[in-house]
Amino acid sequence: MEAALDQRGHIAVVLGAFLIFFGLFSHFLKARLYLSEPLLSTLAGIVLGPNGLNYIAFVPIDWDSTNLPLTSDARLSLLWFLRVVIGVQVLFAASTLPSRWLIQRENVRSMAVLLLPVMTASWLASSGLVKLCLSGTSWTEALIIGACIAPTDPVLANSVVNGVFAESHVPRHIREVLSAESGLNDGFGTPFLFLPLSLLAHSYQTGPAVKSFLFHTVLYDVFLGSVLGVVIGYLARKALKTARRFDTIDRESMLVFSVALAVVTIGVADAVGTNHLLATFFAGTALNWTDKIRHEDLHSHFTDGIELFFDSSVFLVLGTIFPFHSWLDRRFLPPWQLVLLATCVLIFRRLPAILLLRKLVPLIKTGKEGLLVSELSITP
């Protein structure tokens with residue numbers, strides 16, 4: 001018990017000290033050195049975690065071991081922490097888009113191309129590279145791994161589309177594309193993951209696998225998750241509008257409204273068993289259906305501070321749990337091959353598809369913007 005309490009104290013000291021340090025030098029780090037809080041907090045986690053000075057440990061160093069049960073407290077706590085942080089960031093991404101952004105014709109066309117042919121090409125390219133580098137991997141296993149790295153990451157995308165550098169060098173419509181795509185494709189990426197999983201679960205029997213995939217993944221996970229998010233966001237917007245009309249809500253409560261809505265949506269989606277990422281994105285979209293609510297109630301320096309806290313926390317945690325002992329195990333894959341695989345994924349995962357299909361995406365107006373969209377869309 002005393003050791004656990006000591007660890008909590010260490011974690012509080014490290015997280016608080018990092019936020020203080022980053023806050024004191026944030027303008028210099030962002031505007032001059034172009035360093036973001038995800039990178040710095042990840043490095044801090046690596047240095048201070050079990051792989052470095054061993055000052056903090058959120059989970060046991062062998063958390064990824066097959067000897068640790070999937071239902072262990074360490075794994076479940078880590079899963080829920082990351083789920084809440086990603087859900088909050090996805091809702092923030094949706095709530096900061098302009099009103100009715102998703103139903104404008106050129107935006108619909110752009111998202112359709114990015115989420116269907118580009119996403120499919122990214123999945124296949126990533127899977128092919130995994131199969132090429134991991135010679136003992138079957139095509140089904142490669143497709144599963146490829147589906148995990150094909151989507152872009154909403155937490156990292158937030159650090160790319162916000163800040164001094166982004167506002168000065170990245171066009172507004174490109175930042176909106178990156179925010180919308182990163183918020184959507186994590187949820188829409190689940191069919192790419194569950195298609196090979198369904199084949200495995202049904203022993204490669206095509207009929208039962210496709211039936212299960214269409215019902216459980218496409219209808220229940222994607223469609224129901226989207227509808228659930230729209231309903232929750234619509235009810236939340238109506239409730240907020242009524243509270244403002246009768247002056248029953250104060251400014252402070254409005255500022256945390258979107259965070260609370262994200263947590264509620266994640267909980268409801270988990271209880272129903274549907275896609276919480278799509279639910280939170282569409283909840284944020286429905287909440288942000290009028291610009292008046294978005295600008296006056298939901299976006300402020302306070303919410304920016306919440307995003308900074310969540311971003312720093314999640315990457316500090318990730319820095320402490322990186323399984324370097326597994327990555328450096330030559331029985332699995334030589335380190336140089338891991339570096340080669342990561343480099344090839346970053347280059348070939350999206351860039352060829354974006355450049356080939358750029359003219360079909362109305363919001364990508366030049367080749368330079370296509371390069372920005374392909375290279376600024378970070379792999380999780």
# chains A, B, ... in the order shown; residues from 1 in each chain; ligands from 1

$ closest_atom_pairs --of "segment 163-255 of chain A" --to "segment 144-155 of chain A" --cutoff "6 Å" --atoms "only C-alpha atoms" --output "JSON lines"
{"residue": "A:Ser182", "atom": "CA", "partner": "A:Pro154", "partner_atom": "CA", "distance": 4.8}
{"residue": "A:Gly183", "atom": "CA", "partner": "A:Pro154", "partner_atom": "CA", "distance": 5.6}
{"residue": "A:Asn185", "atom": "CA", "partner": "A:Pro151", "partner_atom": "CA", "distance": 5.7}
{"residue": "A:Asp186", "atom": "CA", "partner": "A:Pro151", "partner_atom": "CA", "distance": 5.5}
{"residue": "A:Phe192", "atom": "CA", "partner": "A:Ala147", "partner_atom": "CA", "distance": 5.5}
{"residue": "A:Leu193", "atom": "CA", "partner": "A:Ala147", "partner_atom": "CA", "distance": 5.0}

$ write_last_selection --atoms "N, CA and C atoms" --output "CSV table (one decimal), in the first residue's frame"
chain,number,residue,atom,x,y,z
A,182,SER,N,-9.0,12.8,-38.7
A,182,SER,CA,-8.4,12.1,-37.5
A,182,SER,C,-9.5,11.7,-36.6
A,183,GLY,N,-10.6,12.6,-36.5
A,183,GLY,CA,-11.7,12.3,-35.6
A,183,GLY,C,-12.6,11.1,-36.1
A,185,ASN,N,-11.6,8.7,-38.8
A,185,ASN,CA,-11.1,7.4,-39.3
A,185,ASN,C,-10.7,6.4,-38.3
A,186,ASP,N,-10.5,6.8,-37.0
A,186,ASP,CA,-10.3,5.8,-36.0
A,186,ASP,C,-11.5,5.0,-35.8
A,192,PHE,N,-12.0,-2.4,-41.1
A,192,PHE,CA,-10.7,-2.9,-41.6
A,192,PHE,C,-10.1,-3.9,-40.6
A,193,LEU,N,-10.3,-3.7,-39.3
A,193,LEU,CA,-9.8,-4.5,-38.3
A,193,LEU,C,-10.6,-5.8,-38.1

$ atom_distance --atom1 "atom CA of Glu307 of chain A" --atom2 "atom CA of Val85 of chain A"
9.0 Å

$ residues_around --residues "Lys131 of chain A" --least-positions-apart "4" --cutoff "12 Å" --atoms "only C-alpha atoms" --output "list in words"
Leu124, Ala125, Ser126, Ser127, Ser135, Gly136, Thr137, Ser138, Trp139, Thr140, Glu141, Ala142, Leu143, Ile144, Ile145, Gly146, Leu341 and Val345 of chain A

$ write_last_selection --atoms "N, CA and C atoms" --output "PDB file, in the first residue's frame"
ATOM      1  N   LEU A 124      -4.019  -1.462 -46.962  1.00  0.00           N
ATOM      2  CA  LEU A 124      -3.345  -2.479 -47.769  1.00  0.00           C
ATOM      3  C   LEU A 124      -1.840  -2.236 -47.845  1.00  0.00           C
ATOM      4  N   ALA A 125      -1.446  -0.970 -47.958  1.00  0.00           N
ATOM      5  CA  ALA A 125      -0.015  -0.657 -48.012  1.00  0.00           C
ATOM      6  C   ALA A 125       0.665  -1.019 -46.694  1.00  0.00           C
ATOM      7  N   SER A 126       0.042  -0.654 -45.570  1.00  0.00           N
ATOM      8  CA  SER A 126       0.618  -0.986 -44.266  1.00  0.00           C
ATOM      9  C   SER A 126       0.696  -2.491 -44.069  1.00  0.00           C
ATOM     10  N   SER A 127      -0.371  -3.197 -44.466  1.00  0.00           N
ATOM     11  CA  SER A 127      -0.392  -4.658 -44.324  1.00  0.00           C
ATOM     12  C   SER A 127       0.688  -5.307 -45.191  1.00  0.00           C
ATOM     13  N   SER A 135       8.383 -11.877 -41.957  1.00  0.00           N
ATOM     14  CA  SER A 135       8.236 -12.980 -42.910  1.00  0.00           C
ATOM     15  C   SER A 135       7.367 -14.110 -42.371  1.00  0.00           C
ATOM     16  N   GLY A 136       7.324 -14.308 -41.061  1.00  0.00           N
ATOM     17  CA  GLY A 136       6.537 -15.398 -40.512  1.00  0.00           C
ATOM     18  C   GLY A 136       5.084 -15.057 -40.280  1.00  0.00           C
ATOM     19  N   THR A 137       4.675 -13.871 -40.687  1.00  0.00           N
ATOM     20  CA  THR A 137       3.303 -13.413 -40.448  1.00  0.00           C
ATOM     21  C   THR A 137       2.408 -13.834 -41.608  1.00  0.00           C
ATOM     22  N   SER A 138       1.214 -14.340 -41.274  1.00  0.00           N
ATOM     23  CA  SER A 138       0.249 -14.676 -42.317  1.00  0.00           C
ATOM     24  C   SER A 138      -0.402 -13.399 -42.839  1.00  0.00           C
ATOM     25  N   TRP A 139      -1.072 -13.522 -43.982  1.00  0.00           N
ATOM     26  CA  TRP A 139      -1.735 -12.350 -44.546  1.00  0.00           C
ATOM     27  C   TRP A 139      -2.850 -11.845 -43.634  1.00  0.00           C
ATOM     28  N   THR A 140      -3.549 -12.753 -42.970  1.00  0.00           N
ATOM     29  CA  THR A 140      -4.609 -12.322 -42.055  1.00  0.00           C
ATOM     30  C   THR A 140      -4.035 -11.524 -40.901  1.00  0.00           C
ATOM     31  N   GLU A 141      -2.947 -12.004 -40.327  1.00  0.00           N
ATOM     32  CA  GLU A 141      -2.293 -11.290 -39.231  1.00  0.00           C
ATOM     33  C   GLU A 141      -1.745  -9.946 -39.706  1.00  0.00           C
ATOM     34  N   ALA A 142      -1.187  -9.921 -40.911  1.00  0.00           N
ATOM     35  CA  ALA A 142      -0.676  -8.660 -41.458  1.00  0.00           C
ATOM     36  C   ALA A 142      -1.803  -7.651 -41.663  1.00  0.00           C
ATOM     37  N   LEU A 143      -2.975  -8.114 -42.118  1.00  0.00           N
ATOM     38  CA  LEU A 143      -4.119  -7.226 -42.305  1.00  0.00           C
ATOM     39  C   LEU A 143      -4.619  -6.674 -40.970  1.00  0.00           C
ATOM     40  N   ILE A 144      -4.535  -7.479 -39.920  1.00  0.00           N
ATOM     41  CA  ILE A 144      -4.935  -7.009 -38.587  1.00  0.00           C
ATOM     42  C   ILE A 144      -3.979  -5.925 -38.098  1.00  0.00           C
ATOM     43  N   ILE A 145      -2.679  -6.163 -38.241  1.00  0.00           N
ATOM     44  CA  ILE A 145      -1.692  -5.156 -37.826  1.00  0.00           C
ATOM     45  C   ILE A 145      -1.824  -3.901 -38.681  1.00  0.00           C
ATOM     46  N   GLY A 146      -2.007  -4.088 -39.986  1.00  0.00           N
ATOM     47  CA  GLY A 146      -2.164  -2.934 -40.876  1.00  0.00           C
ATOM     48  C   GLY A 146      -3.363  -2.090 -40.519  1.00  0.00           C
ATOM     49  N   LEU A 341      10.828  -0.800 -41.103  1.00  0.00           N
ATOM     50  CA  LEU A 341       9.379  -0.938 -41.225  1.00  0.00           C
ATOM     51  C   LEU A 341       8.680   0.366 -40.863  1.00  0.00           C
ATOM     52  N   VAL A 345       6.481   2.632 -43.456  1.00  0.00           N
ATOM     53  CA  VAL A 345       5.077   2.902 -43.168  1.00  0.00           C
ATOM     54  C   VAL A 345       4.809   4.404 -43.220  1.00  0.00           C
TER      55      VAL A 345
END

$ residues_around --residues "Leu156 of chain A" --least-positions-apart "2" --cutoff "12 Å" --atoms "only C-alpha atoms" --output "MDAnalysis selection string"
chainID A and resid 36:39 42 85:86 89:90 93 151:154 158:162 178:179 182:183 307:308 310:312 314:315 376:380

$ closest_residue --among "A:Leu53, A:Leu78, A:Ala286, A:Leu372" --to "Val317 of chain A" --atoms "only C-alpha atoms"
A:Leu78

$ atom_distance --atom1 "atom CA of Ala262 of chain A" --atom2 "atom CA of Arg83 of chain A"
10.5 Å

$ closest_residue --among "A:Val256, A:Ile46, A:Ala31, A:Ala57" --to "Ser168 of chain A" --atoms "only C-alpha atoms"
A:Ala31

$ select_by_dssp --residues "segment 257-343 of chain A" --states "helix (DSSP H, G or I)" --output "JSON, numbers by chain"
{"A": [257, 258, 259, 260, 261, 262, 263, 264, 265, 266, 267, 268, 269, 270, 271, 272, 276, 277, 278, 279, 280, 281, 282, 283, 284, 285, 286, 287, 291, 292, 293, 294, 295, 296, 297, 298, 301, 302, 303, 304, 305, 306, 307, 308, 309, 310, 311, 312, 313, 314, 315, 316, 317, 318, 319, 320, 321, 324, 325, 326, 327, 335, 336, 337, 338, 339, 340, 341, 342, 343]}

$ decode --residues "segment 314-378 of chain A" --atoms "C-alpha atoms" --output "mmCIF file, in the first residue's frame"
data_model
loop_
_atom_site.group_PDB
_atom_site.id
_atom_site.type_symbol
_atom_site.label_atom_id
_atom_site.label_comp_id
_atom_site.auth_asym_id
_atom_site.auth_seq_id
_atom_site.Cartn_x
_atom_site.Cartn_y
_atom_site.Cartn_z
ATOM 1 C CA VAL A 314 -1.443 10.262 -22.202
ATOM 2 C CA PHE A 315 1.985 10.608 -23.818
ATOM 3 C CA LEU A 316 3.728 10.582 -20.452
ATOM 4 C CA VAL A 317 1.970 7.268 -19.786
ATOM 5 C CA LEU A 318 2.874 5.915 -23.249
ATOM 6 C CA GLY A 319 6.516 6.867 -22.692
ATOM 7 C CA THR A 320 6.636 4.754 -19.530
ATOM 8 C CA ILE A 321 5.048 1.639 -21.065
ATOM 9 C CA PHE A 322 6.952 1.302 -24.341
ATOM 10 C CA PRO A 323 8.037 -2.383 -24.421
ATOM 11 C CA PHE A 324 11.651 -1.796 -25.400
ATOM 12 C CA HIS A 325 12.582 -5.243 -24.089
ATOM 13 C CA SER A 326 10.276 -6.781 -26.715
ATOM 14 C CA TRP A 327 11.366 -4.441 -29.499
ATOM 15 C CA LEU A 328 15.036 -5.257 -28.892
ATOM 16 C CA ASP A 329 14.443 -9.012 -28.778
ATOM 17 C CA ARG A 330 16.279 -10.335 -31.840
ATOM 18 C CA ARG A 331 14.205 -13.518 -31.775
ATOM 19 C CA PHE A 332 11.251 -11.401 -32.898
ATOM 20 C CA LEU A 333 12.795 -8.959 -35.353
ATOM 21 C CA PRO A 334 16.191 -7.234 -35.584
ATOM 22 C CA PRO A 335 15.980 -3.578 -34.471
ATOM 23 C CA TRP A 336 17.129 -2.313 -37.859
ATOM 24 C CA GLN A 337 14.173 -4.050 -39.497
ATOM 25 C CA LEU A 338 11.788 -2.380 -37.048
ATOM 26 C CA VAL A 339 13.272 1.000 -37.940
ATOM 27 C CA LEU A 340 13.011 0.167 -41.644
ATOM 28 C CA LEU A 341 9.379 -0.938 -41.225
ATOM 29 C CA ALA A 342 8.461 2.241 -39.332
ATOM 30 C CA THR A 343 10.184 4.421 -41.950
ATOM 31 C CA CYS A 344 8.480 2.666 -44.860
ATOM 32 C CA VAL A 345 5.077 2.902 -43.168
ATOM 33 C CA LEU A 346 5.500 6.651 -42.635
ATOM 34 C CA ILE A 347 6.475 7.159 -46.287
ATOM 35 C CA PHE A 348 4.231 4.718 -48.165
ATOM 36 C CA ARG A 349 1.187 4.388 -45.911
ATOM 37 C CA ARG A 350 -0.651 7.473 -47.251
ATOM 38 C CA LEU A 351 1.579 9.503 -49.545
ATOM 39 C CA PRO A 352 1.089 7.541 -52.822
ATOM 40 C CA ALA A 353 -2.705 7.302 -52.371
ATOM 41 C CA ILE A 354 -3.075 10.985 -51.495
ATOM 42 C CA LEU A 355 -0.997 12.122 -54.470
ATOM 43 C CA LEU A 356 -2.859 9.826 -56.877
ATOM 44 C CA LEU A 357 -6.346 10.801 -55.635
ATOM 45 C CA ARG A 358 -5.611 14.444 -54.808
ATOM 46 C CA LYS A 359 -7.748 15.831 -57.626
ATOM 47 C CA LEU A 360 -10.768 13.962 -56.267
ATOM 48 C CA VAL A 361 -10.481 15.800 -52.918
ATOM 49 C CA PRO A 362 -11.852 19.343 -53.378
ATOM 50 C CA LEU A 363 -10.266 20.638 -50.165
ATOM 51 C CA ILE A 364 -6.766 19.640 -51.308
ATOM 52 C CA LYS A 365 -6.108 22.308 -53.897
ATOM 53 C CA THR A 366 -2.392 21.865 -54.656
ATOM 54 C CA GLY A 367 0.256 19.174 -54.615
ATOM 55 C CA LYS A 368 1.898 20.891 -51.660
ATOM 56 C CA GLU A 369 -1.327 20.662 -49.681
ATOM 57 C CA GLY A 370 -1.605 16.985 -50.618
ATOM 58 C CA LEU A 371 1.883 16.437 -49.243
ATOM 59 C CA LEU A 372 0.876 18.250 -46.057
ATOM 60 C CA VAL A 373 -2.237 16.102 -45.598
ATOM 61 C CA SER A 374 -0.323 12.875 -46.167
ATOM 62 C CA GLU A 375 2.651 13.702 -43.967
ATOM 63 C CA LEU A 376 0.920 15.643 -41.169
ATOM 64 C CA SER A 377 -1.575 12.822 -40.611
ATOM 65 C CA ILE A 378 0.255 11.018 -37.849
#
